[in-house]
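Shown next, in structure tokens, is the structure this report addresses.
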Amino acid sequence: MGISLYTKLPSEIDADCPHRLGYGTRWADELPPALKDLVVAPIRFDVHQEYELQAERTWGCDAAHQACYSAFRLLQTQLCSDDDEVFFAEPVYAESITSWRLVDERWLICHTTVTRFDEESVHTRFSVSDVMPR
């Protein structure tokens with residue numbers, strides 16, 4: 001884990017970055033509706049996109065600036081051709097790990113993998129942990 005040389009104060013959040021204020025961050029999409037009242041809702045997000053991979057990591061914080069949401073998404077592709085002249089990137093694997101801090105300070109984790117896109121092979125499992133996944 002790296003050390004930040006400069007940390008912005010909460011009052012210095014970039015207003016031009018819509019993800020930092022939560023706009024467009026769909027943090028509750030994978031959360032079962034029956035559990036929505038049991039998690040701490042994030043009010044601020046930091047989104048980091050990987051430039052060499054199709055991957056991104058999002059962290060959400062509550063009003064006390066404590067982590068209450070974490071999401072990691074990865075998509076792996078493979079170059080394919082249908083006529084030996086035109087190549088395109090076809091998805092071959094996708095993974096997401098989304099976690100929410102529960103009101104009792106434990107973490108609810110949703111781990112989803114897609115291994116065969118042509119067969120829509122999606123596997124999702126939920127678990128509970130005492131620590132936030134990294």
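As shown in the structure tokens, the chain order sets the letters A, B, ...; within each chain, residues go from 1, and ligands are also counted from 1 in the order they appear.
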
| message | With only C-alpha atoms as the counted atoms, please give the residues lying no more than 12 Å from Arg101 of chain A, apart from itself and same-chain residues fewer than 3 positions off, as an NGL selection string. | response | :A and (27 or 31 or 35-42 or 59-62 or 66-71 or 98 or 104-110 or 128-133)

Write the selection just made, keeping C-alpha atoms, as a PDB file, in the first residue's frame?
ATOM      1  CA  TRP A  27     -23.543   1.341  -5.002  1.00  0.00           C
ATOM      2  CA  LEU A  31     -27.361  -5.340  -2.654  1.00  0.00           C
ATOM      3  CA  LEU A  35     -30.609  -5.836   3.355  1.00  0.00           C
ATOM      4  CA  LYS A  36     -30.547  -2.196   2.245  1.00  0.00           C
ATOM      5  CA  ASP A  37     -31.547  -0.913   5.707  1.00  0.00           C
ATOM      6  CA  LEU A  38     -28.760  -2.966   7.330  1.00  0.00           C
ATOM      7  CA  VAL A  39     -25.841  -1.252   5.552  1.00  0.00           C
ATOM      8  CA  VAL A  40     -24.215   2.131   6.062  1.00  0.00           C
ATOM      9  CA  ALA A  41     -24.924   4.311   3.019  1.00  0.00           C
ATOM     10  CA  PRO A  42     -21.887   5.991   1.430  1.00  0.00           C
ATOM     11  CA  TRP A  59     -14.325   3.185  -2.279  1.00  0.00           C
ATOM     12  CA  GLY A  60     -17.224   4.817  -0.492  1.00  0.00           C
ATOM     13  CA  CYS A  61     -17.141   6.713   2.793  1.00  0.00           C
ATOM     14  CA  ASP A  62     -19.838   7.654   5.258  1.00  0.00           C
ATOM     15  CA  GLN A  66     -15.035   5.887   7.450  1.00  0.00           C
ATOM     16  CA  ALA A  67     -15.003   3.276   4.676  1.00  0.00           C
ATOM     17  CA  CYS A  68     -18.449   1.743   4.203  1.00  0.00           C
ATOM     18  CA  TYR A  69     -18.364   0.525   0.577  1.00  0.00           C
ATOM     19  CA  SER A  70     -15.818  -1.142  -1.645  1.00  0.00           C
ATOM     20  CA  ALA A  71     -16.110  -2.465  -5.195  1.00  0.00           C
ATOM     21  CA  THR A  98     -18.563  -5.627  -3.847  1.00  0.00           C
ATOM     22  CA  ASP A 104     -22.912  -3.907  13.266  1.00  0.00           C
ATOM     23  CA  GLU A 105     -19.464  -3.114  11.714  1.00  0.00           C
ATOM     24  CA  ARG A 106     -19.154  -6.432   9.832  1.00  0.00           C
ATOM     25  CA  TRP A 107     -18.907  -6.517   6.027  1.00  0.00           C
ATOM     26  CA  LEU A 108     -21.345  -8.093   3.585  1.00  0.00           C
ATOM     27  CA  ILE A 109     -19.433  -9.290   0.504  1.00  0.00           C
ATOM     28  CA  CYS A 110     -20.844 -10.164  -2.921  1.00  0.00           C
ATOM     29  CA  VAL A 128     -19.955 -11.921   5.833  1.00  0.00           C
ATOM     30  CA  SER A 129     -16.552 -10.907   7.165  1.00  0.00           C
ATOM     31  CA  ASP A 130     -15.182  -9.033  10.165  1.00  0.00           C
ATOM     32  CA  VAL A 131     -12.824  -7.016   7.928  1.00  0.00           C
ATOM     33  CA  MET A 132     -13.228  -5.105   4.685  1.00  0.00           C
ATOM     34  CA  PRO A 133     -11.905  -7.069   1.692  1.00  0.00           C
TER      35      PRO A 133
END

| request: Can you pull out every residue within 9 Å of segment 75-88 of chain A, counting only C-alpha atoms, but drop anything in the same chain fewer than 3 positions away, and send it as a PyMOL selection string? | output: chain A and resi 53-55+91-96

| query | atom CA of Ala64 of chain A to atom CA of Arg125 of chain A: how many Å, to one decimal? | reply | 29.6 Å

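Rounded to one decimal, atom CA of Asp46 of chain A and atom CA of Leu102 of chain A lie 19.6 Å from each other.
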
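If you look at atom CA of Glu30 of chain A and atom CA of Ile97 of chain A, they are 10.1 Å away from each other.
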
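Taking only C-alpha atoms into account, Arg57 of chain A lies nearest to A:Ser99 out of the set A:Ala28, A:Ile43, A:Thr113, A:Ser99.
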
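With only C-alpha atoms as the atoms that count, the minimum distance from Glu52 of chain A to the choices A:Leu74, A:Glu90, A:Arg26, A:Ser127 is reached by A:Leu74.
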
| request: DSSP on the backbone, then: every residue of segment 1-132 of chain A marked strand (DSSP E), written as a ChimeraX atom specification. | output: /A:44-49,54-61,67-81,87-101,107-116,121-129

| request: Select from chain A everything DSSP, run on the backbone, classes as helix (DSSP H, G or I), then give the selection as a ChimeraX atom specification. | output: /A:10-12,18-21,33-38,117-119
